[in-house]
Each structure stands twice: as structure tokens, then as C-alpha cells.
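*Asks:* Structure file my_file-v1.tsv (TSV, C-alpha atoms) right here:
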```tsv
chain	number	residue	atom	x	y	z
A	1	MET	CA	-14.27	14.68	-2.37
A	2	TYR	CA	-11.26	16.96	-1.98
A	3	VAL	CA	-9.20	15.30	-4.75
A	4	ASN	CA	-11.21	13.87	-7.61
A	5	LEU	CA	-9.98	12.07	-10.73
A	6	GLU	CA	-12.59	11.52	-13.44
A	7	HIS	CA	-11.84	9.07	-16.28
A	8	ILE	CA	-8.13	9.92	-16.51
A	9	SER	CA	-6.10	8.25	-19.27
A	10	LYS	CA	-2.48	8.63	-20.39
A	11	ARG	CA	-0.51	7.02	-23.22
A	12	PHE	CA	3.25	7.17	-23.84
A	13	ASP	CA	3.95	6.36	-27.49
A	14	GLY	CA	2.37	2.92	-27.90
A	15	PHE	CA	2.06	2.17	-24.18
A	16	GLN	CA	-1.21	2.82	-22.34
A	17	ALA	CA	0.07	3.80	-18.88
A	18	VAL	CA	-3.27	4.83	-17.34
A	19	ARG	CA	-6.72	3.65	-18.45
A	20	GLU	CA	-9.94	5.45	-17.45
A	21	VAL	CA	-8.93	5.95	-13.82
A	22	SER	CA	-11.50	7.48	-11.46
A	23	PHE	CA	-11.36	7.88	-7.69
A	24	GLY	CA	-11.88	10.46	-4.95
A	25	ILE	CA	-10.03	11.27	-1.73
A	26	ARG	CA	-11.61	13.12	1.17
A	27	ARG	CA	-10.02	16.14	2.78
A	28	GLY	CA	-7.41	15.32	5.42
A	29	ARG	CA	-6.98	11.70	4.36
A	30	LEU	CA	-3.68	9.94	3.68
A	31	ALA	CA	-4.08	7.69	0.63
A	32	ALA	CA	-1.65	5.21	-0.90
A	33	LEU	CA	-1.37	4.35	-4.58
A	34	LEU	CA	-0.26	0.72	-4.32
A	35	GLY	CA	0.70	-1.56	-7.17
A	36	PRO	CA	3.53	-3.41	-8.91
A	37	SER	CA	6.03	-1.70	-11.21
A	38	GLY	CA	4.37	-0.47	-14.39
A	39	SER	CA	0.88	-0.39	-12.87
A	40	GLY	CA	0.43	3.35	-13.52
A	41	LYS	CA	0.65	4.65	-9.95
A	42	THR	CA	3.53	7.10	-10.45
A	43	THR	CA	2.01	8.41	-13.69
A	44	ILE	CA	-1.24	9.10	-11.82
A	45	LEU	CA	0.68	10.99	-9.12
A	46	ARG	CA	2.60	13.04	-11.69
A	47	MET	CA	-0.62	13.99	-13.48
A	48	ILE	CA	-2.13	15.23	-10.22
A	49	ALA	CA	1.04	17.29	-9.67
A	50	GLY	CA	0.93	18.68	-13.21
A	51	LEU	CA	4.22	17.07	-14.22
A	52	GLU	CA	2.35	15.05	-16.88
A	53	ASP	CA	-0.76	16.03	-18.82
A	54	PRO	CA	-3.64	13.53	-19.09
A	55	ASP	CA	-4.81	12.65	-22.58
A	56	SER	CA	-8.39	12.69	-21.36
A	57	GLY	CA	-10.39	13.16	-18.18
A	58	ASP	CA	-10.46	15.78	-15.43
A	59	ILE	CA	-8.47	16.33	-12.24
A	60	ARG	CA	-10.12	18.44	-9.55
A	61	ILE	CA	-8.68	19.68	-6.26
A	62	ASP	CA	-11.16	21.20	-3.82
A	63	GLY	CA	-13.68	21.42	-6.67
A	64	LEU	CA	-11.34	23.30	-9.02
A	65	ARG	CA	-10.37	21.68	-12.35
A	66	VAL	CA	-6.57	21.89	-12.47
A	67	ASN	CA	-5.77	20.26	-15.83
A	68	ASP	CA	-4.68	23.57	-17.36
A	69	ILE	CA	-3.14	25.10	-14.23
A	70	GLU	CA	0.66	25.22	-14.01
A	71	PRO	CA	2.24	22.89	-11.41
A	72	SER	CA	3.60	25.82	-9.40
A	73	ARG	CA	0.10	27.27	-9.04
A	74	ARG	CA	-1.71	24.10	-7.97
A	75	GLY	CA	-0.77	24.45	-4.29
A	76	ILE	CA	0.93	21.05	-4.21
A	77	GLY	CA	3.97	19.93	-2.22
A	78	PHE	CA	5.96	17.08	-3.82
A	79	VAL	CA	8.44	14.77	-2.07
A	80	PHE	CA	10.63	12.85	-4.53
A	81	GLN	CA	11.97	9.33	-4.09
A	82	ASN	CA	15.62	10.47	-4.18
A	83	TYR	CA	15.03	13.51	-1.91
A	84	ALA	CA	16.15	15.95	-4.70
A	85	LEU	CA	17.86	18.20	-2.15
A	86	PHE	CA	20.22	20.89	-3.40
A	87	ARG	CA	23.58	19.60	-2.29
A	88	TYR	CA	25.20	23.05	-2.29
A	89	MET	CA	22.49	24.48	0.00
A	90	THR	CA	22.25	24.14	3.77
A	91	VAL	CA	19.30	22.48	5.46
A	92	PHE	CA	17.89	25.95	6.14
A	93	ASP	CA	18.17	27.06	2.51
A	94	ASN	CA	16.74	23.81	1.19
A	95	ILE	CA	13.65	24.17	3.37
A	96	ALA	CA	13.36	27.87	2.55
A	97	PHE	CA	13.67	27.35	-1.21
A	98	GLY	CA	9.96	27.50	-2.05
A	99	LEU	CA	9.41	30.51	0.20
A	100	THR	CA	12.34	32.31	-1.40
A	101	ILE	CA	10.90	31.69	-4.87
A	102	LYS	CA	7.60	33.17	-3.65
A	103	LYS	CA	9.58	36.19	-2.40
A	104	GLU	CA	8.39	35.93	1.18
A	105	LYS	CA	9.87	38.41	3.64
A	106	PRO	CA	13.11	37.24	5.32
A	107	GLY	CA	11.55	37.39	8.77
A	108	ARG	CA	8.64	35.20	7.68
A	109	ILE	CA	11.06	32.74	6.04
A	110	ARG	CA	13.12	32.42	9.24
A	111	GLU	CA	9.96	31.91	11.29
A	112	ARG	CA	8.51	29.26	8.97
A	113	VAL	CA	11.78	27.34	8.61
A	114	GLY	CA	12.19	27.38	12.40
A	115	GLU	CA	8.68	25.93	12.80
A	116	LEU	CA	9.43	23.16	10.33
A	117	LEU	CA	12.83	22.31	11.83
A	118	GLN	CA	11.08	21.80	15.15
A	119	LEU	CA	8.33	19.76	13.47
A	120	ILE	CA	10.82	17.36	11.86
A	121	GLY	CA	13.02	17.17	14.96
A	122	MET	CA	16.07	18.80	13.39
A	123	SER	CA	16.43	22.08	15.26
A	124	GLY	CA	20.10	23.02	15.48
A	125	LEU	CA	21.02	21.24	12.23
A	126	GLU	CA	19.99	24.05	9.88
A	127	LYS	CA	23.60	24.86	8.86
A	128	ARG	CA	24.44	21.34	7.74
A	129	TYR	CA	24.62	20.30	4.10
A	130	PRO	CA	22.87	17.20	2.63
A	131	ALA	CA	26.18	15.28	2.53
A	132	GLN	CA	26.36	15.63	6.32
A	133	LEU	CA	22.92	14.05	6.88
A	134	SER	CA	21.70	10.46	7.19
A	135	GLY	CA	19.14	9.09	4.76
A	136	GLY	CA	16.35	9.55	7.28
A	137	GLN	CA	17.38	13.15	7.96
A	138	LYS	CA	17.47	13.92	4.23
A	139	GLN	CA	13.95	12.60	3.84
A	140	ARG	CA	12.75	14.76	6.74
A	141	VAL	CA	14.30	17.82	5.12
A	142	ALA	CA	12.61	16.96	1.81
A	143	PHE	CA	9.32	16.63	3.68
A	144	ALA	CA	9.83	20.02	5.40
A	145	ARG	CA	10.72	21.69	2.09
A	146	ALA	CA	7.48	20.42	0.55
A	147	LEU	CA	5.50	21.71	3.54
A	148	ALA	CA	7.14	25.16	3.69
A	149	PRO	CA	4.75	26.97	1.29
A	150	ASN	CA	1.70	25.54	3.13
A	151	PRO	CA	0.44	23.33	0.27
A	152	ARG	CA	-3.16	22.22	0.15
A	153	LEU	CA	-2.10	18.77	-1.07
A	154	LEU	CA	1.05	16.72	-0.40
A	155	LEU	CA	2.29	14.12	-2.90
A	156	LEU	CA	5.06	11.62	-2.12
A	157	ASP	CA	6.67	9.33	-4.71
A	158	GLU	CA	8.08	6.17	-3.05
A	159	PRO	CA	9.19	8.31	-0.08
A	160	PHE	CA	10.96	5.50	1.80
A	161	ALA	CA	12.53	3.58	-1.09
A	162	ALA	CA	16.05	4.94	-0.61
A	163	ILE	CA	16.18	4.33	3.17
A	164	ASP	CA	17.32	1.21	5.04
A	165	ALA	CA	14.70	-1.03	6.66
A	166	LYS	CA	15.08	0.11	10.29
A	167	VAL	CA	14.92	3.83	9.49
A	168	ARG	CA	12.07	3.16	7.05
A	169	ARG	CA	9.92	1.72	9.85
A	170	GLU	CA	10.64	4.70	12.07
A	171	LEU	CA	9.85	7.20	9.31
A	172	ARG	CA	6.56	5.49	8.46
A	173	ALA	CA	5.22	6.08	11.96
A	174	TRP	CA	6.66	9.61	12.02
A	175	LEU	CA	5.13	10.55	8.65
A	176	ARG	CA	1.71	9.24	9.61
A	177	GLU	CA	1.71	11.20	12.87
A	178	MET	CA	2.91	14.40	11.17
A	179	ILE	CA	0.31	14.30	8.42
A	180	ARG	CA	-2.48	13.48	10.85
A	181	SER	CA	-1.47	16.32	13.17
A	182	LEU	CA	-1.40	18.75	10.23
A	183	GLY	CA	-4.69	17.50	8.76
A	184	LEU	CA	-3.08	17.66	5.32
A	185	THR	CA	-4.57	15.69	2.43
A	186	SER	CA	-1.78	13.46	1.12
A	187	ILE	CA	-1.18	10.80	-1.53
A	188	PHE	CA	1.89	8.58	-1.65
A	189	VAL	CA	3.06	5.97	-4.14
A	190	THR	CA	4.44	2.62	-3.01
A	191	HIS	CA	4.85	-0.96	-4.24
A	192	ASP	CA	5.22	-2.20	-0.63
A	193	GLN	CA	1.91	-3.47	0.74
A	194	ASP	CA	3.18	-3.47	4.35
A	195	GLU	CA	4.06	0.21	3.96
A	196	ALA	CA	0.64	1.07	2.55
A	197	ILE	CA	-1.18	-0.90	5.25
A	198	GLU	CA	0.84	0.70	8.04
A	199	VAL	CA	0.66	4.30	6.86
A	200	ALA	CA	-2.45	4.93	4.73
A	201	ASP	CA	-6.04	5.63	5.73
A	202	GLU	CA	-7.14	4.19	2.41
A	203	ILE	CA	-5.41	2.31	-0.36
A	204	ILE	CA	-5.92	2.54	-4.13
A	205	VAL	CA	-4.69	-0.69	-5.75
A	206	THR	CA	-3.51	-0.23	-9.35
A	207	ASN	CA	-2.78	-2.82	-12.01
A	208	GLN	CA	-2.02	-2.42	-15.71
A	209	GLY	CA	-3.08	1.23	-15.65
A	210	ARG	CA	-6.41	0.61	-13.94
A	211	VAL	CA	-7.77	0.89	-10.40
A	212	GLU	CA	-8.60	-2.61	-9.19
A	213	GLN	CA	-10.08	-1.56	-5.84
A	214	MET	CA	-10.04	1.26	-3.30
A	215	GLY	CA	-10.67	0.98	0.43
A	216	SER	CA	-9.12	0.59	3.85
A	217	SER	CA	-6.51	-2.11	4.36
A	218	LEU	CA	-9.11	-4.15	6.27
A	219	GLU	CA	-11.64	-3.84	3.43
A	220	LEU	CA	-9.10	-4.86	0.81
A	221	TYR	CA	-7.96	-7.87	2.83
A	222	GLN	CA	-11.36	-9.13	3.95
A	223	SER	CA	-13.38	-8.24	0.84
A	224	PRO	CA	-11.09	-8.32	-2.22
A	225	ALA	CA	-13.02	-7.40	-5.36
A	226	THR	CA	-10.80	-9.01	-8.00
A	227	PRO	CA	-8.42	-11.97	-8.31
A	228	PHE	CA	-5.51	-9.53	-8.59
A	229	VAL	CA	-6.30	-8.00	-5.18
A	230	VAL	CA	-6.54	-11.47	-3.61
A	231	GLU	CA	-3.11	-12.38	-4.92
A	232	PHE	CA	-1.45	-8.98	-4.35
A	233	ILE	CA	-2.69	-8.18	-0.84
A	234	GLY	CA	-1.48	-10.68	1.76
A	235	ALA	CA	-0.13	-14.14	0.98
A	236	SER	CA	-2.14	-16.64	-1.00
A	237	THR	CA	-1.65	-19.83	-3.01
A	238	PRO	CA	-3.31	-20.16	-6.42
A	239	VAL	CA	-5.62	-23.17	-6.80
A	240	PRO	CA	-6.01	-24.11	-10.48
A	241	GLU	CA	-8.89	-26.59	-9.94
A	242	ILE	CA	-11.06	-26.02	-6.86
A	243	SER	CA	-13.30	-29.03	-7.51
A	244	ALA	CA	-10.28	-31.30	-6.91
A	245	LEU	CA	-10.40	-30.33	-3.22
A	246	LYS	CA	-12.74	-32.00	-0.73
A	247	GLY	CA	-15.70	-29.98	0.46
A	248	PHE	CA	-16.04	-27.72	-2.58
A	249	ASP	CA	-17.77	-30.11	-4.97
A	250	GLY	CA	-20.39	-27.57	-6.07
A	251	THR	CA	-17.93	-25.28	-7.81
A	252	PRO	CA	-18.00	-25.09	-11.63
A	253	PRO	CA	-15.62	-27.52	-13.39
A	254	GLY	CA	-12.29	-25.88	-14.17
A	255	ALA	CA	-12.89	-22.96	-11.80
A	256	GLY	CA	-9.79	-21.69	-10.04
A	257	GLY	CA	-9.14	-19.56	-6.98
A	258	ALA	CA	-6.75	-19.01	-4.09
A	259	VAL	CA	-6.18	-20.10	-0.49
A	260	ARG	CA	-4.73	-17.91	2.25
A	261	PRO	CA	-2.68	-19.40	5.13
A	262	GLU	CA	-5.32	-18.53	7.73
A	263	PHE	CA	-7.88	-20.58	5.75
A	264	VAL	CA	-6.00	-23.83	6.45
A	265	SER	CA	-6.23	-25.95	9.62
A	266	VAL	CA	-3.42	-28.51	10.16
A	267	TYR	CA	-3.71	-31.60	12.38
A	268	ALA	CA	-0.74	-33.63	13.62
A	269	PRO	CA	-0.62	-37.35	12.70
A	270	ASP	CA	-1.98	-38.55	16.09
A	271	GLU	CA	-4.44	-35.71	16.57
A	272	GLN	CA	-8.17	-36.40	16.53
A	273	VAL	CA	-10.07	-34.56	13.77
A	274	GLN	CA	-13.76	-33.72	14.19
A	275	TYR	CA	-14.44	-32.58	10.62
A	276	ALA	CA	-15.02	-34.50	7.41
A	277	HIS	CA	-13.24	-33.54	4.20
A	278	THR	CA	-9.75	-33.47	5.70
A	279	GLU	CA	-6.99	-34.51	3.33
A	280	GLU	CA	-3.47	-35.84	3.73
A	281	ALA	CA	-0.60	-33.44	3.07
A	282	ILE	CA	3.17	-33.59	3.53
A	283	VAL	CA	5.17	-31.06	5.53
A	284	ARG	CA	7.90	-29.79	3.18
A	285	SER	CA	9.23	-26.87	5.28
A	286	ILE	CA	8.96	-25.37	8.76
A	287	ALA	CA	9.86	-21.75	9.57
A	288	PHE	CA	9.82	-20.10	13.00
A	289	ARG	CA	7.71	-16.91	12.99
A	290	GLY	CA	7.94	-15.82	16.65
A	291	ASP	CA	4.53	-16.74	18.05
A	292	SER	CA	3.89	-19.56	15.57
A	293	LEU	CA	5.40	-21.82	12.93
A	294	GLU	CA	4.87	-21.29	9.23
A	295	LEU	CA	4.36	-24.65	7.54
A	296	GLY	CA	5.01	-25.28	3.89
A	297	LEU	CA	2.72	-28.13	2.81
A	298	THR	CA	2.11	-30.17	-0.31
A	299	LEU	CA	-1.43	-31.36	-1.02
A	300	LYS	CA	-2.01	-33.31	-4.25
A	301	GLY	CA	0.97	-31.50	-5.75
A	302	LEU	CA	-0.41	-28.12	-4.61
A	303	PRO	CA	1.94	-26.04	-2.39
A	304	LEU	CA	0.12	-24.47	0.57
A	305	THR	CA	1.17	-22.38	3.55
A	306	ALA	CA	-0.40	-22.53	7.02
A	307	ALA	CA	0.25	-21.19	10.52
A	308	TYR	CA	0.76	-23.73	13.30
A	309	SER	CA	0.77	-22.98	17.03
A	310	LEU	CA	3.95	-23.59	19.02
A	311	ALA	CA	1.80	-25.11	21.78
A	312	ARG	CA	0.64	-27.99	19.60
A	313	ALA	CA	2.29	-31.35	18.91
A	314	PRO	CA	5.69	-30.91	17.24
A	315	LEU	CA	6.04	-31.62	13.54
A	316	ALA	CA	9.02	-32.43	11.34
A	317	VAL	CA	9.74	-32.03	7.64
A	318	GLY	CA	8.40	-35.08	5.84
A	319	ASP	CA	5.53	-35.72	8.29
A	320	ALA	CA	2.17	-36.72	6.85
A	321	VAL	CA	-0.51	-34.48	8.40
A	322	ARG	CA	-4.24	-33.99	7.95
A	323	LEU	CA	-5.48	-30.59	6.86
A	324	LEU	CA	-8.80	-28.91	6.28
A	325	ILE	CA	-9.16	-26.00	3.89
A	326	ARG	CA	-11.94	-24.19	5.71
A	327	HIS	CA	-12.41	-21.42	3.15
A	328	LEU	CA	-11.08	-20.37	-0.21
A	329	TYR	CA	-11.61	-17.65	-2.80
A	330	LEU	CA	-13.34	-18.64	-6.02
A	331	PHE	CA	-12.41	-16.60	-9.11
A	332	ASP	CA	-15.51	-16.23	-11.24
A	333	GLY	CA	-15.31	-14.10	-14.40
A	334	GLY	CA	-13.03	-11.49	-12.87
A	335	GLN	CA	-15.04	-11.43	-9.64
A	336	VAL	CA	-14.24	-13.02	-6.29
A	337	ARG	CA	-16.42	-15.14	-4.00
A	338	LEU	CA	-15.45	-16.49	-0.59
A	339	LEU	CA	-16.55	-20.14	-0.21
A	340	GLN	CA	-16.81	-22.21	2.95
A	341	ASN	CA	-16.01	-25.92	3.11
A	342	SER	CA	-19.17	-28.03	3.34
A	343	ALA	CA	-17.59	-29.89	6.29
A	344	TYR	CA	-19.19	-27.17	8.42
A	345	GLY	CA	-22.61	-28.44	7.36
A	346	ASN	CA	-24.09	-25.22	5.97
A	347	GLY	CA	-22.64	-25.07	2.45
A	348	PRO	CA	-21.05	-22.13	0.67
A	349	SER	CA	-20.61	-18.92	2.65
A	350	GLU	CA	-19.37	-15.46	1.73
A	351	ASN	CA	-19.00	-14.30	5.34
A	352	PHE	CA	-15.32	-13.69	6.09
A	353	TYR	CA	-16.03	-13.37	9.81
A	354	SER	CA	-17.22	-16.98	9.99
A	355	ILE	CA	-13.59	-18.06	9.54
```
Reformat the file's structure so that it appears as C-alpha cells.
*Replies:*
Amino acid sequence: MYVNLEHISKRFDGFQAVREVSFGIRRGRLAALLGPSGSGKTTILRMIAGLEDPDSGDIRIDGLRVNDIEPSRRGIGFVFQNYALFRYMTVFDNIAFGLTIKKEKPGRIRERVGELLQLIGMSGLEKRYPAQLSGGQKQRVAFARALAPNPRLLLLDEPFAAIDAKVRRELRAWLREMIRSLGLTSIFVTHDQDEAIEVADEIIVTNQGRVEQMGSSLELYQSPATPFVVEFIGASTPVPEISALKGFDGTPPGAGGAVRPEFVSVYAPDEQVQYAHTEEAIVRSIAFRGDSLELGLTLKGLPLTAAYSLARAPLAVGDAVRLLIRHLYLFDGGQVRLLQNSAYGNGPSENFYSI
């Protein structure tokens, strides 16, 4: 592994921000630290950068333990959430800042800044000041400044948080392409799962200072390891008592879980149903989602969400429909199991692809 964290912990006064965190990132990969506020993701990033010291554990970059190495000597580029550009410096001088500190020759500085201006698509704007730039342009300059000294690792703290939605989408694609073309190992912090899924090669999900699971977006969605990952990645509805639902009678009494929208089949009132274990539900809301409708349903007091094809029989709020919960996640002692409704005739199943 190119970046390796081994049993890292950090406490601030009485608050345990990071608890025994371990993970590794391969060279050239773009990884996301994803989690809610207070989950420890920014503290982990700052410890890698050397802006915070771990209370215990080791941080290694390319095999070298960096715990006691000054931030400026770790070979890390850092992009801050608020850009942190020097407002009294031009675009050129902002990008050149790290090279100037390293006392590079003026000719080399001009050459490197020119390369980066072309890379970020801002050639010809080098004499502008930050106040003359859009939010997206400021973020590109911050990115170029971090890249100027040729870091071996790039860290980004909520890099798109201060940018409006349209520009954010454009910058996500741009950042991913740039980092891939450079082959630069990178880690970015976000609380936005769509952002992590769109940009990252692999995602590290954090919660209460711990790593819940690490993997690709597909692995996290299809094979969640903990109840938190089920509820945090994608959209799901908690089910307090699974045994109250038809087709899952073998589950332990009192066991809970969650249902995702794609696990639910909905049948219009006059539609013929071929499966047993369907139940009556009431349509409480209908939302247009482009290629389908999103139905809000109530089943035995339980709110569910399901997708419904535009090509099928129309439904209205208040309609009584039949639905079949084909699969659901069972939460069992902090673990997760995917169960299949016995209406299919072959009992419980943990094969996501059978959905």
C-alpha cells in the first residue's frame, strides 16, 4: 500500500475523534473519506498531512513512517475547503507560492506555472486576482497551487463544498480526469455520497471515529458490512420488526433491518399478481423522477419507497395497491445479511444479484 494507516487514534480533550483506524490506499488511487459530520474524516486527513499529531498508531507514505516528519517535508499537496488563496496575490503568484518558498529558479517557476495554467484551463488569466475569479476558477487555482511542487500525495478537504451545484458537477468530472491523467495518489473528504460515488476509486466510510467499511461504490452498495453502511449509502427504510412482514417468518423475533426502494415490487389494484406474500399498502405520495415515478407507500404503518414504471397502469394518491418486498437487509449483532422473500420458493438468500 502506498498510504498506510495503522491503528491511528486521536482525542481532543474528552472527545475521542478517531478510534483505532487502519486502512491502506494503493499508489495512483483516488480515495474518498465519506461520513457524516463528526465522524472523524477531516481529523484523519489532517493527521496524514501532519496538521494534527495522532495519539497512537503509525502513518506511512510509500513505506516511510511520517509521524515525526514536519508537514512541509512530507511531500503532500493540500487543497482546503475555502480555497485559502492569497487575495493580494495574482493567480500566477498563488500557484507559484510553494515553488517560491522552495527557492526554485525563476525560469523553472514560470515554466511550471505555465504548465499548470494549461492543465487547469486558465491560460491567460494569470494576472487576475482571486476577487476577479468565479468559485470554480478559485478551486482550480487552489488545485494547481497544491500540484506545483510535484507532491507525492494530494489531500483535499471538502473541495467542492463552497461551489454551487452546477459548477460542482463540472468540477467533479474535471478533478477525476486530472488526477487519473497525473497518476497521483489522492484522498478527499466529503459528506456527500453522490460526490464520493462519482469521483472516487474507493470509498472509506467513517462513523463515530471508526472505519465502518472500505471498498468501491459498487461493493459498498451491494455488500454493506454494517447497518450504518446500509442506512448511509443509498436510500433505505428502517424496519423495526422484520417478522411482521410476510415471507420472512424465519427471522428471529424482534430482529430489525432495512428495505431499499429497488427491493419493493408494486402492483396496481387491477393487476394480476403471481407471487404469494403480497400485502396491501396505500399510496401516500407520487413524485416524477424522469424515467419512473417514486412512490411513497404505507404498509402496516411502515413508510416505504418504491420505483414505478411510467409504462404501467396509472396510480393516484390514496390508492390501495399490492406490494411484494422481494428482499431486505437483516441487522444481526452489528452484521448485515441480505434475505430473500420465501415467495420465490427457495428461502433465504444472500445473493444480491438474484434481485
*Asks:* For A:Val264, which of A:Leu304, A:Ile101, A:Ile61, A:Ala161 is the closest residue, counting all atoms listed in the file?
*Replies:*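 Looking at the shortest contact to A:Val264, the residue is A:Leu304.
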*Asks:* Taking the point (12.0, 18.7, -0.9) as given in the file, collect each protein or nucleic acid residue that comes within 8 Å of it, counting all atoms listed in the file, and present the set as an MDAnalysis selection string.
*Replies:* chainID A and resid 78:80 83:85 94:95 139 141:146
*Asks:* With C-alpha atoms retained, write the just-selected residues as a compact mmCIF listing (two decimals), keeping the file's coordinate frame.
*Replies:*
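In the end it all went to out-v4.txt:
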```txt
# COMPACT_ATOMS: atom_id res chain seq x y z
CA PHE A 78 5.96 17.08 -3.82
CA VAL A 79 8.44 14.77 -2.07
CA PHE A 80 10.63 12.85 -4.53
CA TYR A 83 15.03 13.51 -1.91
CA ALA A 84 16.15 15.95 -4.70
CA LEU A 85 17.86 18.20 -2.15
CA ASN A 94 16.74 23.81 1.19
CA ILE A 95 13.65 24.17 3.37
CA GLN A 139 13.95 12.60 3.84
CA VAL A 141 14.30 17.82 5.12
CA ALA A 142 12.61 16.96 1.81
CA PHE A 143 9.32 16.63 3.68
CA ALA A 144 9.83 20.02 5.40
CA ARG A 145 10.72 21.69 2.09
CA ALA A 146 7.48 20.42 0.55
```
*Asks:* Tell me which of A:Ser216, A:Ser37, A:Gln132, A:Asn150 sits closest to A:Arg112, counting only C-alpha atoms.
*Replies:*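 Closest residue, counting only C-alpha atoms: A:Asn150.
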*Asks:* I'd like to know which of A:Glu20, A:Asp192, A:Glu279, A:Glu158 is closest to A:Arg210, using all atoms listed in the file.
*Replies:*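 Nearest candidate to A:Arg210 out of A:Glu20, A:Asp192, A:Glu279, A:Glu158: A:Glu20.
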*Asks:* With only C-alpha atoms as the counted atoms, please give the residues lying no more than 8 Å from A:Ala306, apart from itself and same-chain residues fewer than 2 positions off, as a tab-separated table (two decimals) with C-alpha atoms, keeping the file's coordinate frame.
*Replies:*
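The resulting file, result.tsv, is reproduced below:
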```tsv
chain	number	residue	atom	x	y	z
A	260	ARG	CA	-4.73	-17.91	2.25
A	261	PRO	CA	-2.68	-19.40	5.13
A	262	GLU	CA	-5.32	-18.53	7.73
A	263	PHE	CA	-7.88	-20.58	5.75
A	264	VAL	CA	-6.00	-23.83	6.45
A	265	SER	CA	-6.23	-25.95	9.62
A	266	VAL	CA	-3.42	-28.51	10.16
A	294	GLU	CA	4.87	-21.29	9.23
A	295	LEU	CA	4.36	-24.65	7.54
A	296	GLY	CA	5.01	-25.28	3.89
A	297	LEU	CA	2.72	-28.13	2.81
A	304	LEU	CA	0.12	-24.47	0.57
A	308	TYR	CA	0.76	-23.73	13.30
```
*Asks:* So what do you get for atom CA of A:Ala32 versus atom CA of A:Pro227, distance-wise?
*Replies:*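 So the answer is 19.9 Å.
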*Asks:* Separation of atom CA of A:Gly57 and atom CA of A:Glu6, in Å?
*Replies:* 5.5 Å
*Asks:* Take atom CA of A:Ile197 and atom CA of A:Ser217 and report the distance between them in Å, one decimal.
*Replies:*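 Separation of atom CA of A:Ile197 and atom CA of A:Ser217: 5.5 Å.
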*Asks:* From the list A:Ala49, A:Ile109, A:Val211, A:Ile25, which residue is nearest A:Arg74 when using all atoms listed in the file?
*Replies:*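 So, comparing all the options, the nearest one is A:Ala49.
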